[in-house]
Amino acid sequence: MLSMTLLTTVFWYCRRLYSFLARLLKWWSNYLQRKLIRNLSVLPEVDLLGYSAREWKGETKQAKQMREAYEELYRSCHIKYLRQLKRDNYSVIRAVLFQIFSQGIPFPSWMKERDILKLPEKLLYSQGCNWIQQYSFGPERYTGPNAFGKLRKCMEALKTNWAEISATRDHEERGNLCNALFSDESKEYKLYEAIKFIMLYEVVEAYEQIKSREEPVHNLFSLLFARDSSSDPLSFMMNHLNSIGDSICLDQVELFLLGYLLEVRIRVYRLHRFNTEEFQVNYPDEYRREWNEISLLTEDDRYYHIPLFRT
């Protein structure tokens, strides 16, 4: 009799313990999920027209035009949802890189032939660009003798994460990897700074080719060097790249360059240009057939969202 009573008591306590542990596990899981969503720089998808109705209430001319633009995307372009992005000056690079990763797009062809980890070293020593010590890391605003080491770490982060995610075949698993990466600010900022540096490297390469007249360069570099603020690589870095992520975002010329070096066609739906020829724009406007396409959505050419298509 005593033995049965003891067993019953032990069983009762085990059930209580199991129930407590189950509740604790559920609480911890919900906490981690809330924390992840709060830290995500790319938010989960939302209904396109629902977002439009919430964000553009009222009867002002701008609000009406924006709602009409969203309705056009829904009706004619089969865009049914969007993913909002963190509103900062990395917005467009984040939108492009997140889609490259989430779609499993591989390295561009030139990156497969060249070790990007050696680009900072090549620029500093082989091409004598010691001015890269003035390179600034977005909102961190760091410049100094350790810029070279910081750049190498950024390149390592880009290469490692890109290789791992693009090699992941399962779509859901790849999505989880992307969500984890783009919820870690320090990691994702390294990716953006690596992209900025690759842009600088390409500009230096094009500038040297133009000077030596060895081979023709893409006409986007002529546009870039025609600006008073970026007539050479140093001025491009000081007046444009150094402020990207801090006080400015990419402008139209840099978007051409971004698509060109990543070998993707970037289609941008510019809602503030609705009913004009600039409503849909491709960056670059000349691209190869085998390049992958990614799409962006913007209301002001500064902050961007990711449109999601459904048929």
# chains A, B, ... in the order shown; residues from 1 in each chain; ligands from 1
>>> closest_atom_pairs(of="range 90-123 of chain A", to="range 173-196 of chain A", cutoff="9 Å", atoms="only C-alpha atoms", output="Markdown table")
| residue | atom | partner | partner_atom | distance |
| --- | --- | --- | --- | --- |
| A:Tyr90 | CA | A:Tyr192 | CA | 7.2 |
| A:Ile93 | CA | A:Tyr192 | CA | 6.5 |
| A:Arg94 | CA | A:Tyr192 | CA | 7.3 |
| A:Leu97 | CA | A:Tyr192 | CA | 8.4 |
| A:Phe98 | CA | A:Cys178 | CA | 7.1 |
| A:Phe101 | CA | A:Cys178 | CA | 6.9 |
| A:Ser102 | CA | A:Gly175 | CA | 5.9 |
| A:Gln103 | CA | A:Arg174 | CA | 8.3 |
| A:Gly104 | CA | A:Arg174 | CA | 7.7 |
>>> residues_around(residues="range 142-155 of chain A", least_positions_apart="4", cutoff="8 Å", atoms="only C-alpha atoms", output="JSON, numbers by chain")
{"A": [116, 117, 118, 120, 121, 132, 133, 134, 135, 136, 137, 138, 159, 190, 191, 193, 194, 197]}
>>> select_by_dssp(residues="range 64-210 of chain A", states="helix (DSSP H, G or I)", output="mmCIF file with N, CA and C atoms, in the first residue's frame")
data_model
loop_
_atom_site.group_PDB
_atom_site.id
_atom_site.type_symbol
_atom_site.label_atom_id
_atom_site.label_comp_id
_atom_site.auth_asym_id
_atom_site.auth_seq_id
_atom_site.Cartn_x
_atom_site.Cartn_y
_atom_site.Cartn_z
ATOM 1 N N LYS A 64 -3.248 59.476 -52.670
ATOM 2 C CA LYS A 64 -4.043 58.853 -53.736
ATOM 3 C C LYS A 64 -3.139 58.233 -54.800
ATOM 4 N N GLN A 65 -2.075 58.972 -55.177
ATOM 5 C CA GLN A 65 -1.171 58.465 -56.208
ATOM 6 C C GLN A 65 -0.442 57.212 -55.747
ATOM 7 N N MET A 66 -0.049 57.191 -54.490
ATOM 8 C CA MET A 66 0.647 56.021 -53.967
ATOM 9 C C MET A 66 -0.274 54.806 -53.928
ATOM 10 N N ARG A 67 -1.515 54.996 -53.505
ATOM 11 C CA ARG A 67 -2.455 53.877 -53.479
ATOM 12 C C ARG A 67 -2.705 53.358 -54.896
ATOM 13 N N GLU A 68 -2.813 54.269 -55.851
ATOM 14 C CA GLU A 68 -2.991 53.863 -57.245
ATOM 15 C C GLU A 68 -1.785 53.083 -57.752
ATOM 16 N N ALA A 69 -0.587 53.527 -57.363
ATOM 17 C CA ALA A 69 0.636 52.833 -57.784
ATOM 18 C C ALA A 69 0.675 51.419 -57.215
ATOM 19 N N TYR A 70 0.317 51.265 -55.949
ATOM 20 C CA TYR A 70 0.288 49.935 -55.340
ATOM 21 C C TYR A 70 -0.769 49.047 -56.009
ATOM 22 N N GLU A 71 -1.910 49.627 -56.329
ATOM 23 C CA GLU A 71 -2.947 48.855 -57.011
ATOM 24 C C GLU A 71 -2.471 48.389 -58.390
ATOM 25 N N GLU A 72 -1.690 49.232 -59.074
ATOM 26 C CA GLU A 72 -1.142 48.857 -60.369
ATOM 27 C C GLU A 72 -0.158 47.694 -60.225
ATOM 28 N N LEU A 73 0.677 47.733 -59.188
ATOM 29 C CA LEU A 73 1.605 46.627 -58.938
ATOM 30 C C LEU A 73 0.840 45.331 -58.685
ATOM 31 N N TYR A 74 -0.238 45.439 -57.918
ATOM 32 C CA TYR A 74 -1.031 44.255 -57.580
ATOM 33 C C TYR A 74 -1.720 43.683 -58.814
ATOM 34 N N ARG A 75 -2.295 44.568 -59.626
ATOM 35 C CA ARG A 75 -3.112 44.135 -60.749
ATOM 36 C C ARG A 75 -2.281 43.706 -61.962
ATOM 37 N N SER A 76 -1.304 44.520 -62.322
ATOM 38 C CA SER A 76 -0.582 44.297 -63.584
ATOM 39 C C SER A 76 0.748 43.575 -63.419
ATOM 40 N N SER A 91 19.838 50.498 -46.919
ATOM 41 C CA SER A 91 18.595 49.876 -47.355
ATOM 42 C C SER A 91 18.700 49.169 -48.701
ATOM 43 N N VAL A 92 19.227 49.852 -49.718
ATOM 44 C CA VAL A 92 19.230 49.255 -51.057
ATOM 45 C C VAL A 92 20.227 48.098 -51.149
ATOM 46 N N ILE A 93 21.387 48.212 -50.500
ATOM 47 C CA ILE A 93 22.344 47.098 -50.509
ATOM 48 C C ILE A 93 21.745 45.907 -49.779
ATOM 49 N N ARG A 94 21.055 46.166 -48.673
ATOM 50 C CA ARG A 94 20.397 45.094 -47.915
ATOM 51 C C ARG A 94 19.360 44.386 -48.785
ATOM 52 N N ALA A 95 18.539 45.162 -49.496
ATOM 53 C CA ALA A 95 17.487 44.587 -50.329
ATOM 54 C C ALA A 95 18.068 43.703 -51.424
ATOM 55 N N VAL A 96 19.145 44.151 -52.036
ATOM 56 C CA VAL A 96 19.775 43.389 -53.116
ATOM 57 C C VAL A 96 20.437 42.130 -52.567
ATOM 58 N N LEU A 97 21.223 42.288 -51.513
ATOM 59 C CA LEU A 97 21.982 41.150 -50.994
ATOM 60 C C LEU A 97 21.064 40.096 -50.370
ATOM 61 N N PHE A 98 20.010 40.540 -49.694
ATOM 62 C CA PHE A 98 19.076 39.572 -49.093
ATOM 63 C C PHE A 98 18.451 38.706 -50.178
ATOM 64 N N GLN A 99 18.084 39.307 -51.293
ATOM 65 C CA GLN A 99 17.461 38.525 -52.363
ATOM 66 C C GLN A 99 18.460 37.595 -53.049
ATOM 67 N N ILE A 100 19.687 38.058 -53.217
ATOM 68 C CA ILE A 100 20.714 37.179 -53.785
ATOM 69 C C ILE A 100 20.894 35.953 -52.897
ATOM 70 N N PHE A 101 20.968 36.170 -51.596
ATOM 71 C CA PHE A 101 21.152 35.059 -50.665
ATOM 72 C C PHE A 101 19.907 34.168 -50.610
ATOM 73 N N SER A 102 18.735 34.770 -50.456
ATOM 74 C CA SER A 102 17.520 33.975 -50.274
ATOM 75 C C SER A 102 17.160 33.183 -51.522
ATOM 76 N N SER A 109 30.491 35.615 -62.021
ATOM 77 C CA SER A 109 31.542 34.856 -62.704
ATOM 78 C C SER A 109 32.939 35.354 -62.362
ATOM 79 N N TRP A 110 33.126 36.669 -62.291
ATOM 80 C CA TRP A 110 34.465 37.198 -62.024
ATOM 81 C C TRP A 110 34.931 36.855 -60.607
ATOM 82 N N MET A 111 33.980 36.694 -59.686
ATOM 83 C CA MET A 111 34.330 36.385 -58.297
ATOM 84 C C MET A 111 34.749 34.927 -58.141
ATOM 85 N N LYS A 112 34.293 34.073 -59.068
ATOM 86 C CA LYS A 112 34.714 32.666 -59.041
ATOM 87 C C LYS A 112 36.157 32.525 -59.512
ATOM 88 N N GLU A 113 36.606 33.475 -60.324
ATOM 89 C CA GLU A 113 37.950 33.406 -60.899
ATOM 90 C C GLU A 113 38.984 34.156 -60.062
ATOM 91 N N ILE A 116 38.415 37.151 -53.602
ATOM 92 C CA ILE A 116 38.077 38.493 -53.140
ATOM 93 C C ILE A 116 38.778 38.852 -51.833
ATOM 94 N N LEU A 117 39.275 37.835 -51.107
ATOM 95 C CA LEU A 117 39.995 38.138 -49.867
ATOM 96 C C LEU A 117 41.282 38.907 -50.134
ATOM 97 N N LYS A 118 41.795 38.780 -51.357
ATOM 98 C CA LYS A 118 43.059 39.445 -51.695
ATOM 99 C C LYS A 118 42.869 40.829 -52.299
ATOM 100 N N LEU A 119 41.617 41.263 -52.498
ATOM 101 C CA LEU A 119 41.382 42.555 -53.135
ATOM 102 C C LEU A 119 41.913 43.733 -52.316
ATOM 103 N N PRO A 120 41.697 43.774 -50.989
ATOM 104 C CA PRO A 120 42.263 44.892 -50.225
ATOM 105 C C PRO A 120 43.789 44.945 -50.333
ATOM 106 N N GLU A 121 44.422 43.770 -50.243
ATOM 107 C CA GLU A 121 45.877 43.699 -50.340
ATOM 108 C C GLU A 121 46.360 44.160 -51.716
ATOM 109 N N LYS A 122 45.662 43.735 -52.766
ATOM 110 C CA LYS A 122 46.056 44.109 -54.121
ATOM 111 C C LYS A 122 45.933 45.609 -54.324
ATOM 112 N N LEU A 123 44.854 46.181 -53.818
ATOM 113 C CA LEU A 123 44.642 47.612 -53.988
ATOM 114 C C LEU A 123 45.683 48.424 -53.223
ATOM 115 N N LEU A 124 46.021 47.944 -52.043
ATOM 116 C CA LEU A 124 46.956 48.688 -51.192
ATOM 117 C C LEU A 124 48.392 48.569 -51.671
ATOM 118 N N TYR A 125 48.819 47.346 -52.004
ATOM 119 C CA TYR A 125 50.232 47.122 -52.317
ATOM 120 C C TYR A 125 50.533 47.093 -53.811
ATOM 121 N N SER A 126 49.744 46.362 -54.576
ATOM 122 C CA SER A 126 50.046 46.227 -56.005
ATOM 123 C C SER A 126 49.732 47.498 -56.782
ATOM 124 N N ASN A 130 47.386 53.697 -51.183
ATOM 125 C CA ASN A 130 47.487 53.763 -49.720
ATOM 126 C C ASN A 130 46.436 54.678 -49.108
ATOM 127 N N TRP A 131 45.722 55.423 -49.975
ATOM 128 C CA TRP A 131 44.662 56.284 -49.468
ATOM 129 C C TRP A 131 43.453 55.491 -48.975
ATOM 130 N N ILE A 132 43.434 54.161 -49.164
ATOM 131 C CA ILE A 132 42.284 53.400 -48.661
ATOM 132 C C ILE A 132 42.259 53.379 -47.132
ATOM 133 N N GLN A 133 43.331 53.854 -46.506
ATOM 134 C CA GLN A 133 43.302 53.994 -45.045
ATOM 135 C C GLN A 133 42.297 55.061 -44.614
ATOM 136 N N GLN A 134 41.837 55.871 -45.578
ATOM 137 C CA GLN A 134 40.807 56.871 -45.295
ATOM 138 C C GLN A 134 39.399 56.308 -45.514
ATOM 139 N N GLY A 138 30.775 53.183 -42.845
ATOM 140 C CA GLY A 138 29.386 53.557 -42.623
ATOM 141 C C GLY A 138 29.169 54.294 -41.315
ATOM 142 N N PRO A 139 28.143 53.891 -40.527
ATOM 143 C CA PRO A 139 27.848 54.601 -39.280
ATOM 144 C C PRO A 139 28.959 54.506 -38.244
ATOM 145 N N GLU A 140 29.871 53.539 -38.426
ATOM 146 C CA GLU A 140 30.993 53.424 -37.495
ATOM 147 C C GLU A 140 31.978 54.575 -37.673
ATOM 148 N N ALA A 147 42.266 50.051 -41.111
ATOM 149 C CA ALA A 147 41.221 49.921 -42.133
ATOM 150 C C ALA A 147 41.445 48.682 -42.993
ATOM 151 N N PHE A 148 42.718 48.395 -43.305
ATOM 152 C CA PHE A 148 43.030 47.239 -44.143
ATOM 153 C C PHE A 148 42.568 45.941 -43.477
ATOM 154 N N GLY A 149 42.874 45.778 -42.190
ATOM 155 C CA GLY A 149 42.477 44.571 -41.462
ATOM 156 C C GLY A 149 40.968 44.445 -41.351
ATOM 157 N N LYS A 150 40.285 45.571 -41.123
ATOM 158 C CA LYS A 150 38.824 45.548 -41.028
ATOM 159 C C LYS A 150 38.203 45.185 -42.371
ATOM 160 N N LEU A 151 38.791 45.690 -43.453
ATOM 161 C CA LEU A 151 38.265 45.366 -44.783
ATOM 162 C C LEU A 151 38.406 43.878 -45.077
ATOM 163 N N ARG A 152 39.519 43.314 -44.685
ATOM 164 C CA ARG A 152 39.724 41.876 -44.927
ATOM 165 C C ARG A 152 38.685 41.042 -44.174
ATOM 166 N N LYS A 153 38.361 41.431 -42.944
ATOM 167 C CA LYS A 153 37.341 40.715 -42.182
ATOM 168 C C LYS A 153 35.973 40.834 -42.851
ATOM 169 N N CYS A 154 35.702 41.996 -43.425
ATOM 170 C CA CYS A 154 34.441 42.182 -44.142
ATOM 171 C C CYS A 154 34.375 41.276 -45.364
ATOM 172 N N MET A 155 35.478 41.182 -46.090
ATOM 173 C CA MET A 155 35.515 40.323 -47.273
ATOM 174 C C MET A 155 35.363 38.854 -46.885
ATOM 175 N N GLU A 156 35.980 38.465 -45.771
ATOM 176 C CA GLU A 156 35.846 37.089 -45.294
ATOM 177 C C GLU A 156 34.392 36.780 -44.945
ATOM 178 N N ALA A 157 33.709 37.734 -44.295
ATOM 179 C CA ALA A 157 32.310 37.526 -43.917
ATOM 180 C C ALA A 157 31.434 37.365 -45.155
ATOM 181 N N LEU A 158 31.674 38.196 -46.165
ATOM 182 C CA LEU A 158 30.880 38.102 -47.393
ATOM 183 C C LEU A 158 31.111 36.769 -48.092
ATOM 184 N N LYS A 159 32.360 36.386 -48.254
ATOM 185 C CA LYS A 159 32.672 35.153 -48.977
ATOM 186 C C LYS A 159 32.131 33.932 -48.242
ATOM 187 N N THR A 160 32.330 33.875 -46.931
ATOM 188 C CA THR A 160 31.911 32.712 -46.145
ATOM 189 C C THR A 160 30.398 32.553 -46.148
ATOM 190 N N ASN A 161 29.678 33.640 -45.859
ATOM 191 C CA ASN A 161 28.218 33.554 -45.780
ATOM 192 C C ASN A 161 27.593 33.308 -47.147
ATOM 193 N N TRP A 162 28.117 33.943 -48.175
ATOM 194 C CA TRP A 162 27.579 33.746 -49.522
ATOM 195 C C TRP A 162 27.763 32.288 -49.959
ATOM 196 N N ALA A 163 28.953 31.753 -49.711
ATOM 197 C CA ALA A 163 29.229 30.363 -50.106
ATOM 198 C C ALA A 163 28.324 29.392 -49.355
ATOM 199 N N GLU A 164 28.167 29.602 -48.054
ATOM 200 C CA GLU A 164 27.346 28.688 -47.249
ATOM 201 C C GLU A 164 25.884 28.734 -47.675
ATOM 202 N N ILE A 165 25.342 29.935 -47.836
ATOM 203 C CA ILE A 165 23.912 30.057 -48.125
ATOM 204 C C ILE A 165 23.596 29.610 -49.547
ATOM 205 N N SER A 166 24.440 29.967 -50.509
ATOM 206 C CA SER A 166 24.164 29.573 -51.894
ATOM 207 C C SER A 166 24.288 28.056 -52.083
ATOM 208 N N HIS A 171 14.996 25.337 -49.630
ATOM 209 C CA HIS A 171 14.547 26.738 -49.603
ATOM 210 C C HIS A 171 14.257 27.215 -48.179
ATOM 211 N N GLU A 172 13.595 26.368 -47.380
ATOM 212 C CA GLU A 172 13.248 26.766 -46.014
ATOM 213 C C GLU A 172 14.495 26.939 -45.154
ATOM 214 N N GLU A 173 15.425 26.026 -45.291
ATOM 215 C CA GLU A 173 16.669 26.124 -44.524
ATOM 216 C C GLU A 173 17.452 27.374 -44.929
ATOM 217 N N ARG A 174 17.470 27.664 -46.233
ATOM 218 C CA ARG A 174 18.165 28.858 -46.719
ATOM 219 C C ARG A 174 17.507 30.123 -46.164
ATOM 220 N N GLY A 175 16.171 30.101 -46.097
ATOM 221 C CA GLY A 175 15.456 31.236 -45.527
ATOM 222 C C GLY A 175 15.792 31.450 -44.061
ATOM 223 N N ASN A 176 15.920 30.366 -43.316
ATOM 224 C CA ASN A 176 16.276 30.464 -41.892
ATOM 225 C C ASN A 176 17.682 31.028 -41.719
ATOM 226 N N LEU A 177 18.605 30.602 -42.581
ATOM 227 C CA LEU A 177 19.967 31.134 -42.526
ATOM 228 C C LEU A 177 19.972 32.632 -42.807
ATOM 229 N N CYS A 178 19.180 33.051 -43.787
ATOM 230 C CA CYS A 178 19.100 34.476 -44.129
ATOM 231 C C CYS A 178 18.514 35.284 -42.979
ATOM 232 N N ASN A 179 17.436 34.774 -42.380
ATOM 233 C CA ASN A 179 16.811 35.490 -41.264
ATOM 234 C C ASN A 179 17.778 35.643 -40.097
ATOM 235 N N ALA A 180 18.546 34.595 -39.818
ATOM 236 C CA ALA A 180 19.525 34.672 -38.723
ATOM 237 C C ALA A 180 20.618 35.677 -39.046
ATOM 238 N N LEU A 181 21.107 35.652 -40.283
ATOM 239 C CA LEU A 181 22.192 36.559 -40.678
ATOM 240 C C LEU A 181 21.736 38.010 -40.654
ATOM 241 N N GLU A 185 23.201 42.630 -36.522
ATOM 242 C CA GLU A 185 23.656 43.898 -37.098
ATOM 243 C C GLU A 185 25.140 43.911 -37.424
ATOM 244 N N SER A 186 25.956 43.414 -36.516
ATOM 245 C CA SER A 186 27.403 43.464 -36.738
ATOM 246 C C SER A 186 27.811 42.610 -37.932
ATOM 247 N N LYS A 187 27.135 41.469 -38.114
ATOM 248 C CA LYS A 187 27.469 40.597 -39.247
ATOM 249 C C LYS A 187 27.000 41.194 -40.567
ATOM 250 N N GLU A 188 25.768 41.695 -40.590
ATOM 251 C CA GLU A 188 25.256 42.186 -41.863
ATOM 252 C C GLU A 188 25.981 43.461 -42.293
ATOM 253 N N TYR A 189 26.406 44.284 -41.350
ATOM 254 C CA TYR A 189 27.147 45.490 -41.724
ATOM 255 C C TYR A 189 28.466 45.136 -42.404
ATOM 256 N N LYS A 190 29.090 44.053 -41.974
ATOM 257 C CA LYS A 190 30.323 43.609 -42.636
ATOM 258 C C LYS A 190 30.062 43.271 -44.100
ATOM 259 N N LEU A 191 28.919 42.648 -44.372
ATOM 260 C CA LEU A 191 28.568 42.309 -45.752
ATOM 261 C C LEU A 191 28.440 43.564 -46.601
ATOM 262 N N TYR A 192 27.774 44.575 -46.065
ATOM 263 C CA TYR A 192 27.541 45.797 -46.836
ATOM 264 C C TYR A 192 28.841 46.548 -47.095
ATOM 265 N N GLU A 193 29.718 46.541 -46.094
ATOM 266 C CA GLU A 193 30.996 47.226 -46.292
ATOM 267 C C GLU A 193 31.856 46.474 -47.300
ATOM 268 N N ALA A 194 31.740 45.149 -47.340
ATOM 269 C CA ALA A 194 32.464 44.377 -48.351
ATOM 270 C C ALA A 194 31.958 44.726 -49.747
ATOM 271 N N ILE A 195 30.653 44.857 -49.901
ATOM 272 C CA ILE A 195 30.085 45.243 -51.199
ATOM 273 C C ILE A 195 30.560 46.630 -51.598
ATOM 274 N N LYS A 196 30.575 47.547 -50.647
ATOM 275 C CA LYS A 196 31.078 48.898 -50.937
ATOM 276 C C LYS A 196 32.524 48.846 -51.416
ATOM 277 N N PHE A 197 33.340 48.031 -50.752
ATOM 278 C CA PHE A 197 34.748 47.965 -51.138
ATOM 279 C C PHE A 197 34.916 47.344 -52.519
ATOM 280 N N ILE A 198 34.110 46.341 -52.844
ATOM 281 C CA ILE A 198 34.176 45.749 -54.182
ATOM 282 C C ILE A 198 33.815 46.796 -55.233
ATOM 283 N N MET A 199 32.850 47.649 -54.921
ATOM 284 C CA MET A 199 32.509 48.745 -55.825
ATOM 285 C C MET A 199 33.718 49.657 -56.036
ATOM 286 N N LEU A 200 34.413 49.967 -54.944
ATOM 287 C CA LEU A 200 35.604 50.798 -55.055
ATOM 288 C C LEU A 200 36.669 50.118 -55.893
ATOM 289 N N TYR A 201 36.874 48.839 -55.669
ATOM 290 C CA TYR A 201 37.878 48.094 -56.419
ATOM 291 C C TYR A 201 37.576 48.127 -57.914
ATOM 292 N N GLU A 202 36.316 47.916 -58.277
ATOM 293 C CA GLU A 202 35.932 47.946 -59.689
ATOM 294 C C GLU A 202 36.159 49.325 -60.299
ATOM 295 N N VAL A 203 35.911 50.364 -59.526
ATOM 296 C CA VAL A 203 36.120 51.727 -60.009
ATOM 297 C C VAL A 203 37.605 51.986 -60.248
ATOM 298 N N VAL A 204 38.467 51.515 -59.343
ATOM 299 C CA VAL A 204 39.913 51.659 -59.523
ATOM 300 C C VAL A 204 40.366 50.921 -60.776
ATOM 301 N N GLU A 205 39.885 49.694 -60.957
ATOM 302 C CA GLU A 205 40.239 48.901 -62.137
ATOM 303 C C GLU A 205 39.839 49.618 -63.424
ATOM 304 N N ALA A 206 38.624 50.140 -63.466
ATOM 305 C CA ALA A 206 38.136 50.837 -64.663
ATOM 306 C C ALA A 206 38.943 52.109 -64.919
ATOM 307 N N TYR A 207 39.275 52.815 -63.854
ATOM 308 C CA TYR A 207 40.044 54.067 -63.989
ATOM 309 C C TYR A 207 41.425 53.793 -64.588
ATOM 310 N N GLU A 208 42.064 52.717 -64.125
ATOM 311 C CA GLU A 208 43.378 52.355 -64.654
ATOM 312 C C GLU A 208 43.283 51.929 -66.118
ATOM 313 N N GLN A 209 42.222 51.223 -66.468
ATOM 314 C CA GLN A 209 42.042 50.801 -67.862
ATOM 315 C C GLN A 209 41.815 51.997 -68.770
ATOM 316 N N ILE A 210 41.057 52.975 -68.285
ATOM 317 C CA ILE A 210 40.823 54.181 -69.083
ATOM 318 C C ILE A 210 42.123 54.942 -69.290
#
>>> atom_distance(atom1="CA of Leu308 in chain A", atom2="CA of Pro44 in chain A")
11.1 Å
>>> atom_distance(atom1="CA of Val264 in chain A", atom2="CA of Asn292 in chain A")
5.1 Å
>>> closest_residue(among="A:Leu255, A:Ala53, A:Leu297, A:Cys129", to="Arg273 in chain A", atoms="only C-alpha atoms")
A:Leu297
>>> select_by_dssp(residues="range 36-115 of chain A", states="strand (DSSP E or B)", output="list of chain:residue names")
A:Val42, A:Leu43, A:Pro44, A:Glu45, A:Val46, A:Asp47, A:Ile79, A:Lys80, A:Tyr81, A:Leu82, A:Arg83, A:Gln84, A:Leu85
>>> atom_distance(atom1="CA of Pro284 in chain A", atom2="CA of Gly259 in chain A")
5.8 Å
>>> closest_residue(among="A:Pro233, A:Gly58, A:Pro106, A:Pro307", to="Phe221 in chain A", atoms="only C-alpha atoms")
A:Pro233
>>> residues_around(residues="Phe256 in chain A", least_positions_apart="4", cutoff="10 Å", atoms="only C-alpha atoms", output="VMD selection string")
chain A and resid 220 to 221 223 to 224 250 to 252 260 to 261 265 to 266 282 to 286
>>> closest_residue(among="A:Ser295, A:Glu55, A:Asp301, A:Ser41", to="Ile79 in chain A", atoms="only C-alpha atoms")
A:Ser295
